[in-house]
>>> print(open('input_23.pdb').read())   # PDB, C-alpha atoms
MODEL        1
ATOM      1  CA  MET A   1     -37.764  -8.574 -33.505  1.00  0.00           C
ATOM      2  CA  LYS A   2     -38.056  -7.114 -37.016  1.00  0.00           C
ATOM      3  CA  PHE A   3     -37.206  -3.694 -35.620  1.00  0.00           C
ATOM      4  CA  ILE A   4     -34.079  -5.062 -33.905  1.00  0.00           C
ATOM      5  CA  LEU A   5     -32.962  -6.858 -37.069  1.00  0.00           C
ATOM      6  CA  LEU A   6     -33.503  -3.701 -39.114  1.00  0.00           C
ATOM      7  CA  ALA A   7     -31.519  -1.668 -36.590  1.00  0.00           C
ATOM      8  CA  TRP A   8     -28.627  -4.149 -36.730  1.00  0.00           C
ATOM      9  CA  TYR A   9     -28.756  -4.092 -40.534  1.00  0.00           C
ATOM     10  CA  LEU A  10     -28.538  -0.299 -40.616  1.00  0.00           C
ATOM     11  CA  VAL A  11     -25.616  -0.305 -38.161  1.00  0.00           C
ATOM     12  CA  ALA A  12     -23.784  -2.960 -40.182  1.00  0.00           C
ATOM     13  CA  ALA A  13     -24.395  -1.031 -43.404  1.00  0.00           C
ATOM     14  CA  ALA A  14     -23.058   2.174 -41.835  1.00  0.00           C
ATOM     15  CA  ILE A  15     -19.925   0.377 -40.614  1.00  0.00           C
ATOM     16  CA  LEU A  16     -19.354  -1.196 -44.035  1.00  0.00           C
ATOM     17  CA  ASN A  17     -19.786   2.166 -45.771  1.00  0.00           C
ATOM     18  CA  ALA A  18     -17.297   3.802 -43.394  1.00  0.00           C
ATOM     19  CA  GLN A  19     -14.809   1.001 -44.043  1.00  0.00           C
ATOM     20  CA  THR A  20     -15.112   1.215 -47.846  1.00  0.00           C
ATOM     21  CA  LYS A  21     -15.158   5.002 -48.221  1.00  0.00           C
ATOM     22  CA  PRO A  22     -11.801   6.266 -49.602  1.00  0.00           C
ATOM     23  CA  LEU A  23      -9.595   8.334 -47.310  1.00  0.00           C
ATOM     24  CA  PHE A  24      -9.771  11.247 -49.741  1.00  0.00           C
ATOM     25  CA  SER A  25     -12.315  11.925 -52.497  1.00  0.00           C
ATOM     26  CA  GLU A  26     -13.757  14.692 -54.654  1.00  0.00           C
ATOM     27  CA  ASP A  27     -16.804  14.512 -56.946  1.00  0.00           C
ATOM     28  CA  PHE A  28     -17.099  18.294 -57.607  1.00  0.00           C
ATOM     29  CA  GLU A  29     -20.800  18.229 -56.754  1.00  0.00           C
ATOM     30  CA  LEU A  30     -20.264  21.344 -54.644  1.00  0.00           C
ATOM     31  CA  GLY A  31     -20.320  23.121 -58.010  1.00  0.00           C
ATOM     32  CA  GLN A  32     -17.146  25.057 -57.260  1.00  0.00           C
ATOM     33  CA  ILE A  33     -13.540  24.402 -56.294  1.00  0.00           C
ATOM     34  CA  ASP A  34     -13.437  23.707 -52.568  1.00  0.00           C
ATOM     35  CA  PRO A  35     -10.650  25.862 -51.015  1.00  0.00           C
ATOM     36  CA  LYS A  36     -10.637  23.563 -47.985  1.00  0.00           C
ATOM     37  CA  LEU A  37      -9.414  20.705 -50.180  1.00  0.00           C
ATOM     38  CA  TRP A  38      -7.479  22.281 -53.018  1.00  0.00           C
ATOM     39  CA  ASP A  39      -4.725  24.734 -53.824  1.00  0.00           C
ATOM     40  CA  GLN A  40      -5.022  26.165 -57.327  1.00  0.00           C
ATOM     41  CA  ARG A  41      -1.592  26.256 -58.981  1.00  0.00           C
ATOM     42  CA  VAL A  42      -1.988  28.025 -62.303  1.00  0.00           C
ATOM     43  CA  ASP A  43       0.626  29.703 -64.465  1.00  0.00           C
ATOM     44  CA  GLY A  44       0.396  31.150 -67.966  1.00  0.00           C
ATOM     45  CA  VAL A  45      -2.740  30.783 -70.093  1.00  0.00           C
ATOM     46  CA  ALA A  46      -3.995  27.318 -69.104  1.00  0.00           C
ATOM     47  CA  THR A  47      -7.256  27.455 -67.126  1.00  0.00           C
ATOM     48  CA  LEU A  48      -9.383  25.255 -64.907  1.00  0.00           C
ATOM     49  CA  LYS A  49     -13.035  25.464 -63.929  1.00  0.00           C
ATOM     50  CA  ILE A  50     -15.968  23.423 -62.676  1.00  0.00           C
ATOM     51  CA  GLN A  51     -18.521  22.915 -65.466  1.00  0.00           C
ATOM     52  CA  GLN A  52     -21.633  20.900 -66.363  1.00  0.00           C
ATOM     53  CA  ASP A  53     -21.307  20.201 -70.095  1.00  0.00           C
ATOM     54  CA  GLN A  54     -18.960  17.207 -69.763  1.00  0.00           C
ATOM     55  CA  VAL A  55     -19.371  14.955 -66.708  1.00  0.00           C
ATOM     56  CA  ALA A  56     -18.753  11.294 -65.910  1.00  0.00           C
ATOM     57  CA  HIS A  57     -21.312  11.176 -63.082  1.00  0.00           C
ATOM     58  CA  GLY A  58     -23.531  13.666 -61.277  1.00  0.00           C
ATOM     59  CA  LYS A  59     -23.834  17.277 -62.394  1.00  0.00           C
ATOM     60  CA  TYR A  60     -20.300  18.681 -62.291  1.00  0.00           C
ATOM     61  CA  ALA A  61     -16.729  17.870 -63.329  1.00  0.00           C
ATOM     62  CA  LEU A  62     -13.432  19.745 -63.633  1.00  0.00           C
ATOM     63  CA  GLN A  63     -12.291  21.070 -67.009  1.00  0.00           C
ATOM     64  CA  VAL A  64      -8.659  21.987 -67.695  1.00  0.00           C
ATOM     65  CA  HIS A  65      -8.295  23.948 -70.936  1.00  0.00           C
ATOM     66  CA  TYR A  66      -5.060  24.410 -72.847  1.00  0.00           C
ATOM     67  CA  PRO A  67      -5.227  27.006 -75.667  1.00  0.00           C
ATOM     68  CA  GLU A  68      -3.637  26.637 -79.080  1.00  0.00           C
ATOM     69  CA  MET A  69       0.059  27.562 -79.199  1.00  0.00           C
ATOM     70  CA  ALA A  70       0.180  28.006 -75.415  1.00  0.00           C
ATOM     71  CA  ALA A  71       3.641  27.789 -73.873  1.00  0.00           C
ATOM     72  CA  ARG A  72       5.094  27.636 -70.354  1.00  0.00           C
ATOM     73  CA  SER A  73       1.663  27.141 -68.814  1.00  0.00           C
ATOM     74  CA  TYR A  74       0.009  24.791 -66.357  1.00  0.00           C
ATOM     75  CA  ALA A  75      -3.206  24.501 -64.361  1.00  0.00           C
ATOM     76  CA  PHE A  76      -3.526  22.088 -61.426  1.00  0.00           C
ATOM     77  CA  LEU A  77      -5.576  21.385 -58.349  1.00  0.00           C
ATOM     78  CA  VAL A  78      -3.302  20.254 -55.524  1.00  0.00           C
ATOM     79  CA  ALA A  79      -4.222  18.607 -52.235  1.00  0.00           C
ATOM     80  CA  PRO A  80      -1.400  19.987 -50.061  1.00  0.00           C
ATOM     81  CA  GLN A  81      -1.606  17.602 -47.118  1.00  0.00           C
ATOM     82  CA  LEU A  82      -2.318  13.913 -47.656  1.00  0.00           C
ATOM     83  CA  PRO A  83      -3.038  11.599 -44.697  1.00  0.00           C
ATOM     84  CA  ASP A  84       0.105  10.219 -43.037  1.00  0.00           C
ATOM     85  CA  SER A  85      -1.053   6.681 -43.819  1.00  0.00           C
ATOM     86  CA  LEU A  86      -0.406   7.401 -47.525  1.00  0.00           C
ATOM     87  CA  LYS A  87       3.117   8.712 -47.008  1.00  0.00           C
ATOM     88  CA  THR A  88       4.965   5.932 -48.844  1.00  0.00           C
ATOM     89  CA  HIS A  89       2.255   4.003 -50.689  1.00  0.00           C
ATOM     90  CA  PHE A  90      -1.235   4.726 -52.000  1.00  0.00           C
ATOM     91  CA  PHE A  91      -3.786   3.942 -54.704  1.00  0.00           C
ATOM     92  CA  GLY A  92      -5.935   6.349 -56.674  1.00  0.00           C
ATOM     93  CA  ARG A  93      -8.798   6.606 -59.112  1.00  0.00           C
ATOM     94  CA  ALA A  94     -10.147   9.278 -61.429  1.00  0.00           C
ATOM     95  CA  TYR A  95     -12.513   9.423 -64.352  1.00  0.00           C
ATOM     96  CA  VAL A  96     -10.741  11.251 -67.175  1.00  0.00           C
ATOM     97  CA  LYS A  97     -11.652  12.503 -70.641  1.00  0.00           C
ATOM     98  CA  VAL A  98      -8.998  13.809 -73.043  1.00  0.00           C
ATOM     99  CA  ASP A  99     -10.582  15.837 -75.864  1.00  0.00           C
ATOM    100  CA  PRO A 100      -9.480  15.516 -78.588  1.00  0.00           C
ATOM    101  CA  ALA A 101      -5.879  14.553 -77.648  1.00  0.00           C
ATOM    102  CA  THR A 102      -2.818  15.868 -75.858  1.00  0.00           C
ATOM    103  CA  PRO A 103       0.120  17.192 -77.908  1.00  0.00           C
ATOM    104  CA  PRO A 104       2.810  14.701 -79.003  1.00  0.00           C
ATOM    105  CA  SER A 105       5.283  16.076 -76.453  1.00  0.00           C
ATOM    106  CA  HIS A 106       5.488  15.301 -72.728  1.00  0.00           C
ATOM    107  CA  THR A 107       2.206  16.281 -71.046  1.00  0.00           C
ATOM    108  CA  VAL A 108       1.663  15.993 -67.269  1.00  0.00           C
ATOM    109  CA  LEU A 109      -1.699  14.745 -65.936  1.00  0.00           C
ATOM    110  CA  LEU A 110      -1.169  13.996 -62.236  1.00  0.00           C
ATOM    111  CA  PHE A 111       1.556  13.688 -59.627  1.00  0.00           C
ATOM    112  CA  ALA A 112       2.313  12.952 -55.968  1.00  0.00           C
ATOM    113  CA  GLY A 113       5.383  13.913 -53.991  1.00  0.00           C
ATOM    114  CA  GLU A 114       6.983  16.233 -51.494  1.00  0.00           C
ATOM    115  CA  PRO A 115       5.741  19.805 -50.918  1.00  0.00           C
ATOM    116  CA  GLY A 116       6.481  22.548 -53.414  1.00  0.00           C
ATOM    117  CA  TRP A 117       5.476  21.212 -56.837  1.00  0.00           C
ATOM    118  CA  PRO A 118       6.627  21.946 -59.505  1.00  0.00           C
ATOM    119  CA  LEU A 119      10.033  22.412 -57.799  1.00  0.00           C
ATOM    120  CA  SER A 120      10.011  19.141 -55.887  1.00  0.00           C
ATOM    121  CA  LYS A 121      10.600  15.407 -56.035  1.00  0.00           C
ATOM    122  CA  PHE A 122       7.559  13.514 -57.237  1.00  0.00           C
ATOM    123  CA  ASP A 123       6.124  10.573 -59.159  1.00  0.00           C
ATOM    124  CA  GLU A 124       4.088  11.459 -62.230  1.00  0.00           C
ATOM    125  CA  ILE A 125       1.616  10.043 -64.711  1.00  0.00           C
ATOM    126  CA  GLY A 126       2.140  11.827 -67.978  1.00  0.00           C
ATOM    127  CA  VAL A 127       1.346  11.303 -71.641  1.00  0.00           C
ATOM    128  CA  SER A 128       3.618  11.218 -74.677  1.00  0.00           C
ATOM    129  CA  ARG A 129       2.402  10.506 -78.211  1.00  0.00           C
ATOM    130  CA  ASP A 130      -0.955   9.268 -76.904  1.00  0.00           C
ATOM    131  CA  THR A 131       0.609   6.714 -74.550  1.00  0.00           C
ATOM    132  CA  PHE A 132       1.026   6.819 -70.776  1.00  0.00           C
ATOM    133  CA  GLN A 133       4.413   8.013 -69.512  1.00  0.00           C
ATOM    134  CA  PRO A 134       5.010   7.139 -65.834  1.00  0.00           C
ATOM    135  CA  SER A 135       8.104   8.765 -64.358  1.00  0.00           C
ATOM    136  CA  TYR A 136      10.050   9.861 -61.314  1.00  0.00           C
ATOM    137  CA  GLN A 137      10.909  13.590 -61.446  1.00  0.00           C
ATOM    138  CA  GLU A 138      13.663  15.337 -59.493  1.00  0.00           C
ATOM    139  CA  ASN A 139      12.941  19.004 -60.161  1.00  0.00           C
ATOM    140  CA  LYS A 140      14.157  20.388 -56.853  1.00  0.00           C
ATOM    141  CA  SER A 141      17.938  20.384 -57.151  1.00  0.00           C
ATOM    142  CA  ALA A 142      19.774  23.030 -59.117  1.00  0.00           C
ATOM    143  CA  ARG A 143      20.851  22.014 -62.607  1.00  0.00           C
ATOM    144  CA  GLY A 144      24.070  20.051 -62.488  1.00  0.00           C
ATOM    145  CA  GLN A 145      23.346  18.877 -58.934  1.00  0.00           C
ATOM    146  CA  GLY A 146      21.188  15.836 -59.551  1.00  0.00           C
ATOM    147  CA  ARG A 147      18.192  17.316 -61.337  1.00  0.00           C
ATOM    148  CA  GLY A 148      16.541  15.002 -63.862  1.00  0.00           C
ATOM    149  CA  GLU A 149      14.053  12.191 -64.405  1.00  0.00           C
ATOM    150  CA  ASP A 150      13.611   8.436 -64.791  1.00  0.00           C
ATOM    151  CA  VAL A 151      10.990   7.968 -67.508  1.00  0.00           C
ATOM    152  CA  LYS A 152       9.099   4.867 -68.666  1.00  0.00           C
ATOM    153  CA  HIS A 153       6.531   4.351 -71.420  1.00  0.00           C
ATOM    154  CA  ALA A 154       3.303   2.392 -71.125  1.00  0.00           C
ATOM    155  CA  GLY A 155       0.106   1.596 -73.032  1.00  0.00           C
ATOM    156  CA  PRO A 156      -2.284   3.793 -75.032  1.00  0.00           C
ATOM    157  CA  VAL A 157      -4.406   6.553 -73.506  1.00  0.00           C
ATOM    158  CA  PRO A 158      -8.120   6.338 -74.371  1.00  0.00           C
ATOM    159  CA  LEU A 159      -9.075   9.504 -76.256  1.00  0.00           C
ATOM    160  CA  GLY A 160     -12.316  11.376 -76.781  1.00  0.00           C
ATOM    161  CA  LYS A 161     -14.288   9.487 -74.136  1.00  0.00           C
ATOM    162  CA  TRP A 162     -14.522   9.100 -70.371  1.00  0.00           C
ATOM    163  CA  PHE A 163     -12.320   6.322 -69.011  1.00  0.00           C
ATOM    164  CA  LEU A 164     -11.393   5.053 -65.571  1.00  0.00           C
ATOM    165  CA  LEU A 165      -7.778   5.833 -64.693  1.00  0.00           C
ATOM    166  CA  GLU A 166      -6.328   4.010 -61.673  1.00  0.00           C
ATOM    167  CA  TRP A 167      -2.845   4.103 -60.234  1.00  0.00           C
ATOM    168  CA  GLU A 168      -0.589   2.794 -57.472  1.00  0.00           C
ATOM    169  CA  PHE A 169       2.253   5.028 -56.261  1.00  0.00           C
ATOM    170  CA  ASN A 170       4.921   3.389 -54.116  1.00  0.00           C
ATOM    171  CA  ASP A 171       8.170   4.833 -52.757  1.00  0.00           C
ATOM    172  CA  ASN A 172       9.392   1.648 -51.061  1.00  0.00           C
ATOM    173  CA  PRO A 173      10.281   0.253 -53.550  1.00  0.00           C
ATOM    174  CA  ALA A 174       9.869   3.125 -56.023  1.00  0.00           C
ATOM    175  CA  THR A 175       7.271   1.855 -58.486  1.00  0.00           C
ATOM    176  CA  LEU A 176       4.217   3.089 -60.375  1.00  0.00           C
ATOM    177  CA  THR A 177       1.368   0.985 -61.770  1.00  0.00           C
ATOM    178  CA  ILE A 178      -1.394   2.238 -64.093  1.00  0.00           C
ATOM    179  CA  TRP A 179      -4.753   0.764 -65.057  1.00  0.00           C
ATOM    180  CA  ALA A 180      -7.049   2.102 -67.827  1.00  0.00           C
ATOM    181  CA  ASP A 181     -10.658   0.878 -67.685  1.00  0.00           C
ATOM    182  CA  GLY A 182      -9.596  -1.936 -65.401  1.00  0.00           C
ATOM    183  CA  GLN A 183      -6.805  -3.218 -67.654  1.00  0.00           C
ATOM    184  CA  ILE A 184      -3.203  -2.885 -66.560  1.00  0.00           C
ATOM    185  CA  SER A 185      -1.128  -0.571 -68.758  1.00  0.00           C
ATOM    186  CA  GLN A 186       2.083  -2.481 -69.303  1.00  0.00           C
ATOM    187  CA  VAL A 187       5.345  -0.580 -69.014  1.00  0.00           C
ATOM    188  CA  VAL A 188       8.354  -0.916 -71.290  1.00  0.00           C
ATOM    189  CA  GLN A 189      11.216  -1.797 -68.942  1.00  0.00           C
ATOM    190  CA  GLY A 190      14.450  -2.328 -70.826  1.00  0.00           C
ATOM    191  CA  ASP A 191      13.712  -4.780 -73.642  1.00  0.00           C
ATOM    192  CA  GLN A 192      10.535  -6.237 -72.137  1.00  0.00           C
ATOM    193  CA  LYS A 193       7.091  -5.258 -70.889  1.00  0.00           C
ATOM    194  CA  THR A 194       6.128  -5.442 -67.220  1.00  0.00           C
ATOM    195  CA  ASP A 195       3.034  -4.614 -65.193  1.00  0.00           C
ATOM    196  CA  THR A 196       4.829  -2.018 -63.056  1.00  0.00           C
ATOM    197  CA  GLY A 197       7.316   0.744 -63.792  1.00  0.00           C
ATOM    198  CA  THR A 198      10.358   0.698 -61.498  1.00  0.00           C
ATOM    199  CA  PHE A 199      12.401   3.843 -60.796  1.00  0.00           C
ATOM    200  CA  HIS A 200      15.991   4.361 -59.662  1.00  0.00           C
ATOM    201  CA  TRP A 201      17.681   7.589 -58.618  1.00  0.00           C
ATOM    202  CA  PRO A 202      20.280   8.650 -59.467  1.00  0.00           C
ATOM    203  CA  LYS A 203      19.299   7.132 -62.784  1.00  0.00           C
ATOM    204  CA  GLY A 204      21.274   3.974 -63.461  1.00  0.00           C
ATOM    205  CA  SER A 205      22.030   3.404 -59.770  1.00  0.00           C
ATOM    206  CA  ASP A 206      20.655   0.599 -57.606  1.00  0.00           C
ATOM    207  CA  ILE A 207      18.785   3.033 -55.313  1.00  0.00           C
ATOM    208  CA  ASN A 208      15.106   2.095 -55.531  1.00  0.00           C
ATOM    209  CA  LYS A 209      13.421   3.382 -52.367  1.00  0.00           C
ATOM    210  CA  GLY A 210      12.921   6.638 -50.514  1.00  0.00           C
ATOM    211  CA  LEU A 211      13.324   8.688 -53.689  1.00  0.00           C
ATOM    212  CA  ILE A 212      10.681  11.225 -52.638  1.00  0.00           C
ATOM    213  CA  GLY A 213      12.567  12.031 -49.428  1.00  0.00           C
ATOM    214  CA  PRO A 214      11.562  12.233 -45.755  1.00  0.00           C
ATOM    215  CA  SER A 215       8.241  13.975 -46.409  1.00  0.00           C
ATOM    216  CA  GLY A 216       6.994  11.104 -48.547  1.00  0.00           C
ATOM    217  CA  PHE A 217       3.842  11.606 -50.612  1.00  0.00           C
ATOM    218  CA  SER A 218       2.597  14.689 -48.822  1.00  0.00           C
ATOM    219  CA  GLU A 219       0.783  16.366 -51.715  1.00  0.00           C
ATOM    220  CA  PHE A 220      -1.166  15.176 -54.746  1.00  0.00           C
ATOM    221  CA  GLY A 221      -2.266  17.115 -57.813  1.00  0.00           C
ATOM    222  CA  PHE A 222      -3.954  16.733 -61.179  1.00  0.00           C
ATOM    223  CA  GLY A 223      -4.411  18.998 -64.185  1.00  0.00           C
ATOM    224  CA  VAL A 224      -2.368  19.687 -67.321  1.00  0.00           C
ATOM    225  CA  ARG A 225       1.150  20.844 -68.075  1.00  0.00           C
ATOM    226  CA  VAL A 226       2.763  20.587 -71.508  1.00  0.00           C
ATOM    227  CA  TRP A 227       6.492  20.478 -72.138  1.00  0.00           C
ATOM    228  CA  GLY A 228       6.754  21.493 -75.791  1.00  0.00           C
ATOM    229  CA  ASN A 229       4.629  22.856 -78.586  1.00  0.00           C
ATOM    230  CA  VAL A 230       0.811  22.921 -78.485  1.00  0.00           C
ATOM    231  CA  PRO A 231      -0.303  22.984 -82.144  1.00  0.00           C
ATOM    232  CA  THR A 232      -4.033  22.802 -81.316  1.00  0.00           C
ATOM    233  CA  SER A 233      -6.105  23.501 -78.226  1.00  0.00           C
ATOM    234  CA  PHE A 234      -7.365  20.625 -76.082  1.00  0.00           C
ATOM    235  CA  ASP A 235      -9.198  19.882 -72.838  1.00  0.00           C
ATOM    236  CA  VAL A 236      -8.804  17.328 -70.083  1.00  0.00           C
ATOM    237  CA  TYR A 237     -11.796  16.641 -67.828  1.00  0.00           C
ATOM    238  CA  TYR A 238     -11.661  15.017 -64.370  1.00  0.00           C
ATOM    239  CA  ASP A 239     -14.441  13.565 -62.229  1.00  0.00           C
ATOM    240  CA  ASP A 240     -14.863  11.340 -59.141  1.00  0.00           C
ATOM    241  CA  ILE A 241     -11.290  11.422 -57.875  1.00  0.00           C
ATOM    242  CA  ALA A 242     -10.339   9.284 -54.874  1.00  0.00           C
ATOM    243  CA  ILE A 243      -7.199   8.037 -53.127  1.00  0.00           C
ATOM    244  CA  ASP A 244      -6.773   5.382 -50.458  1.00  0.00           C
ATOM    245  CA  SER A 245      -4.404   2.845 -48.933  1.00  0.00           C
ATOM    246  CA  LYS A 246      -5.962   0.082 -51.069  1.00  0.00           C
ATOM    247  CA  ARG A 247      -7.165  -0.190 -54.644  1.00  0.00           C
ATOM    248  CA  ILE A 248     -10.503   1.602 -54.953  1.00  0.00           C
ATOM    249  CA  GLY A 249     -11.984   0.485 -58.264  1.00  0.00           C
ATOM    250  CA  PRO A 250     -14.833   2.116 -60.161  1.00  0.00           C
ATOM    251  CA  LEU A 251     -17.485   4.341 -58.633  1.00  0.00           C
ATOM    252  CA  LYS A 252     -20.269   2.199 -57.164  1.00  0.00           C
TER     253      LYS A 252
ENDMDL
END
>>> encode(input="input_23.pdb", output="structure tokens")
Amino acid sequence: MKFILLAWYLVAAAILNAQTKPLFSEDFELGQIDPKLWDQRVDGVATLKIQQDQVAHGKYALQVHYPEMAARSYAFLVAPQLPDSLKTHFFGRAYVKVDPATPPSHTVLLFAGEPGWPLSKFDEIGVSRDTFQPSYQENKSARGQGRGEDVKHAGPVPLGKWFLLEWEFNDNPATLTIWADGQISQVVQGDQKTDTGTFHWPKGSDINKGLIGPSGFSEFGFGVRVWGNVPTSFDVYYDDIAIDSKRIGPLK
């Protein structure tokens, strides 16, 4: 009887683990960038590598380095084909360390959108003046033909330490929600603060769904890109990244 009960317990535990495991995850414990999971999109002098000096958990984490006075550079890992179940709506989690800080100007951390980034339509979590900057970006069209952005501003970014970054990307309606260490990062929307940033495109219109286009959220990426001056060098570290159709929460 004890053997049967133990067998049932192990089966139930396996089923529960399969149900709770995120649809997509990366802990970097392979010790190198897995080409089966990631495209490396790097331009200019920014760099990325797997390293062991700064980690949130385990032995390895990703480091993105941005040199002093660097310009027109970016370094990202991109998952080029997300599951179809995440096409219009998904949640994500990553452990992040910004050291010592990003520049005051617009700095990109992560995005999700149609194929072809950076020339694509996508939602983005960025940073500006040490605060989160969620936005919708239309970088695909030629200038003068609808290219632009709908930008919001949210709460402070924890600096100089590992923190848990969570997000919810939605394209129906077009919204973006951010949590930092479990606390919602409120967004300035007009003259008030809300829990969720809401996007419209064209900006100022009443169109609030399907902004990404027919492909939906087909690719997801994280790294660093700076729009503007970089007076001092800095690093952004990533560990234990996961995305799913439901909120994931911290690593257990």
>>> closest_residue(input="input_23.pdb", among="A:Ser25, A:Asn139, A:Thr47, A:Thr107", to="A:Asn229", atoms="all atoms listed in the file")
A:Thr107
>>> resolve_selection(input="input_23.pdb", expression="the PyMOL selection byres ((chain A and resi 147-149) around 12)", output="PyMOL selection string")
chain A and resi 119-124+133-146+150-152+199-204+211
>>> residues_near_point(input="input_23.pdb", point="(0.0, 3.7, -72.3)", cutoff="7 Å", atoms="only C-alpha atoms", output="count of residues only")
9
>>> residues_near_point(input="input_23.pdb", point="(-16.2, 8.9, -61.2)", cutoff="6 Å", atoms="only C-alpha atoms", output="number ranges by chain")
A: 56-57, 95, 239-240, 251
>>> resolve_selection(input="input_23.pdb", expression="the PyMOL selection byres ((chain A and resi 63-67) around 8)", output="PyMOL selection string")
chain A and resi 45-51+61-62+68-70+75+223-224+230+232-238
>>> resolve_selection(input="input_23.pdb", expression="the PyMOL selection byres ((chain A and resi 60) around 6)", output="NGL selection string")
:A and (28-29 or 51-52 or 55 or 59 or 61)
>>> write_last_selection(input="input_23.pdb", atoms="C-alpha atoms", output="short mmCIF file (atom, residue, chain, number, x, y, z; two decimals), in the coordinates of the input")
data_model
loop_
_atom_site.label_atom_id
_atom_site.label_comp_id
_atom_site.auth_asym_id
_atom_site.auth_seq_id
_atom_site.Cartn_x
_atom_site.Cartn_y
_atom_site.Cartn_z
CA PHE A 28 -17.10 18.29 -57.61
CA GLU A 29 -20.80 18.23 -56.75
CA GLN A 51 -18.52 22.92 -65.47
CA GLN A 52 -21.63 20.90 -66.36
CA VAL A 55 -19.37 14.96 -66.71
CA LYS A 59 -23.83 17.28 -62.39
CA ALA A 61 -16.73 17.87 -63.33
#
>>> atom_distance(input="input_23.pdb", atom1="atom CA of A:Phe169", atom2="atom CA of A:Arg72")
26.8 Å
>>> axis_aligned_box(input="input_23.pdb", around="stretch 76-88 of chain A", padding_each_side="4 Å", output="AutoDock Vina command-line options")
--center_x -0.3 --center_y 14.0 --center_z -52.2 --size_x 18.5 --size_y 24.2 --size_z 26.4
>>> closest_residue(input="input_23.pdb", among="A:Ile207, A:Leu86, A:Val187, A:Val226", to="A:Asp43", atoms="all atoms listed in the file")
A:Val226
>>> closest_residue(input="input_23.pdb", among="A:Tyr74, A:Phe91, A:Phe163, A:Phe220", to="A:Ile243", atoms="all atoms listed in the file")
A:Phe91
>>> closest_residue(input="input_23.pdb", among="A:Glu114, A:Glu26, A:Glu168, A:Asp34", to="A:Thr196", atoms="all atoms listed in the file")
A:Glu168
>>> atom_distance(input="input_23.pdb", atom1="atom CA of A:Val42", atom2="atom CA of A:Pro231")
20.5 Å
>>> decode(input="input_23.pdb", residues="stretch 13-60 of chain A", atoms="C-alpha atoms", output="PDB file, in the first residue's frame")
ATOM      1  CA  ALA A  13       4.043  15.715  -8.385  1.00  0.00           C
ATOM      2  CA  ALA A  14       5.195  15.189 -11.979  1.00  0.00           C
ATOM      3  CA  ILE A  15       1.830  16.369 -13.327  1.00  0.00           C
ATOM      4  CA  LEU A  16       1.877  19.442 -11.079  1.00  0.00           C
ATOM      5  CA  ASN A  17       5.431  20.299 -12.144  1.00  0.00           C
ATOM      6  CA  ALA A  18       4.488  19.984 -15.823  1.00  0.00           C
ATOM      7  CA  GLN A  19       1.479  22.238 -15.263  1.00  0.00           C
ATOM      8  CA  THR A  20       3.470  24.939 -13.438  1.00  0.00           C
ATOM      9  CA  LYS A  21       6.570  24.979 -15.645  1.00  0.00           C
ATOM     10  CA  PRO A  22       6.611  28.117 -17.866  1.00  0.00           C
ATOM     11  CA  LEU A  23       6.169  27.660 -21.606  1.00  0.00           C
ATOM     12  CA  PHE A  24       9.568  29.239 -22.218  1.00  0.00           C
ATOM     13  CA  SER A  25      12.484  29.675 -19.801  1.00  0.00           C
ATOM     14  CA  GLU A  26      16.231  30.241 -19.671  1.00  0.00           C
ATOM     15  CA  ASP A  27      18.513  30.049 -16.617  1.00  0.00           C
ATOM     16  CA  PHE A  28      21.850  30.148 -18.535  1.00  0.00           C
ATOM     17  CA  GLU A  29      23.125  27.124 -16.620  1.00  0.00           C
ATOM     18  CA  LEU A  30      24.336  25.676 -19.918  1.00  0.00           C
ATOM     19  CA  GLY A  31      27.222  28.112 -19.443  1.00  0.00           C
ATOM     20  CA  GLN A  32      26.918  29.464 -22.974  1.00  0.00           C
ATOM     21  CA  ILE A  33      24.327  31.075 -25.221  1.00  0.00           C
ATOM     22  CA  ASP A  34      22.091  28.332 -26.582  1.00  0.00           C
ATOM     23  CA  PRO A  35      21.776  28.809 -30.389  1.00  0.00           C
ATOM     24  CA  LYS A  36      18.658  26.632 -30.348  1.00  0.00           C
ATOM     25  CA  LEU A  37      16.872  29.260 -28.254  1.00  0.00           C
ATOM     26  CA  TRP A  38      18.454  32.581 -29.120  1.00  0.00           C
ATOM     27  CA  ASP A  39      19.430  34.823 -31.995  1.00  0.00           C
ATOM     28  CA  GLN A  40      22.221  37.230 -31.088  1.00  0.00           C
ATOM     29  CA  ARG A  41      21.448  40.691 -32.479  1.00  0.00           C
ATOM     30  CA  VAL A  42      24.465  42.876 -31.811  1.00  0.00           C
ATOM     31  CA  ASP A  43      25.512  46.110 -33.474  1.00  0.00           C
ATOM     32  CA  GLY A  44      28.285  48.557 -32.619  1.00  0.00           C
ATOM     33  CA  VAL A  45      30.389  48.192 -29.468  1.00  0.00           C
ATOM     34  CA  ALA A  46      27.863  46.831 -26.954  1.00  0.00           C
ATOM     35  CA  THR A  47      28.590  43.217 -25.964  1.00  0.00           C
ATOM     36  CA  LEU A  48      26.893  40.281 -24.293  1.00  0.00           C
ATOM     37  CA  LYS A  49      28.299  37.179 -22.642  1.00  0.00           C
ATOM     38  CA  ILE A  50      27.523  34.455 -20.128  1.00  0.00           C
ATOM     39  CA  GLN A  51      29.546  34.980 -16.935  1.00  0.00           C
ATOM     40  CA  GLN A  52      29.826  33.785 -13.323  1.00  0.00           C
ATOM     41  CA  ASP A  53      30.795  36.890 -11.336  1.00  0.00           C
ATOM     42  CA  GLN A  54      27.265  38.314 -11.025  1.00  0.00           C
ATOM     43  CA  VAL A  55      24.368  35.843 -10.765  1.00  0.00           C
ATOM     44  CA  ALA A  56      20.913  35.840  -9.186  1.00  0.00           C
ATOM     45  CA  HIS A  57      20.745  32.042  -8.861  1.00  0.00           C
ATOM     46  CA  GLY A  58      22.879  29.094  -9.927  1.00  0.00           C
ATOM     47  CA  LYS A  59      26.291  29.546 -11.519  1.00  0.00           C
ATOM     48  CA  TYR A  60      25.700  31.654 -14.630  1.00  0.00           C
TER      49      TYR A  60
END
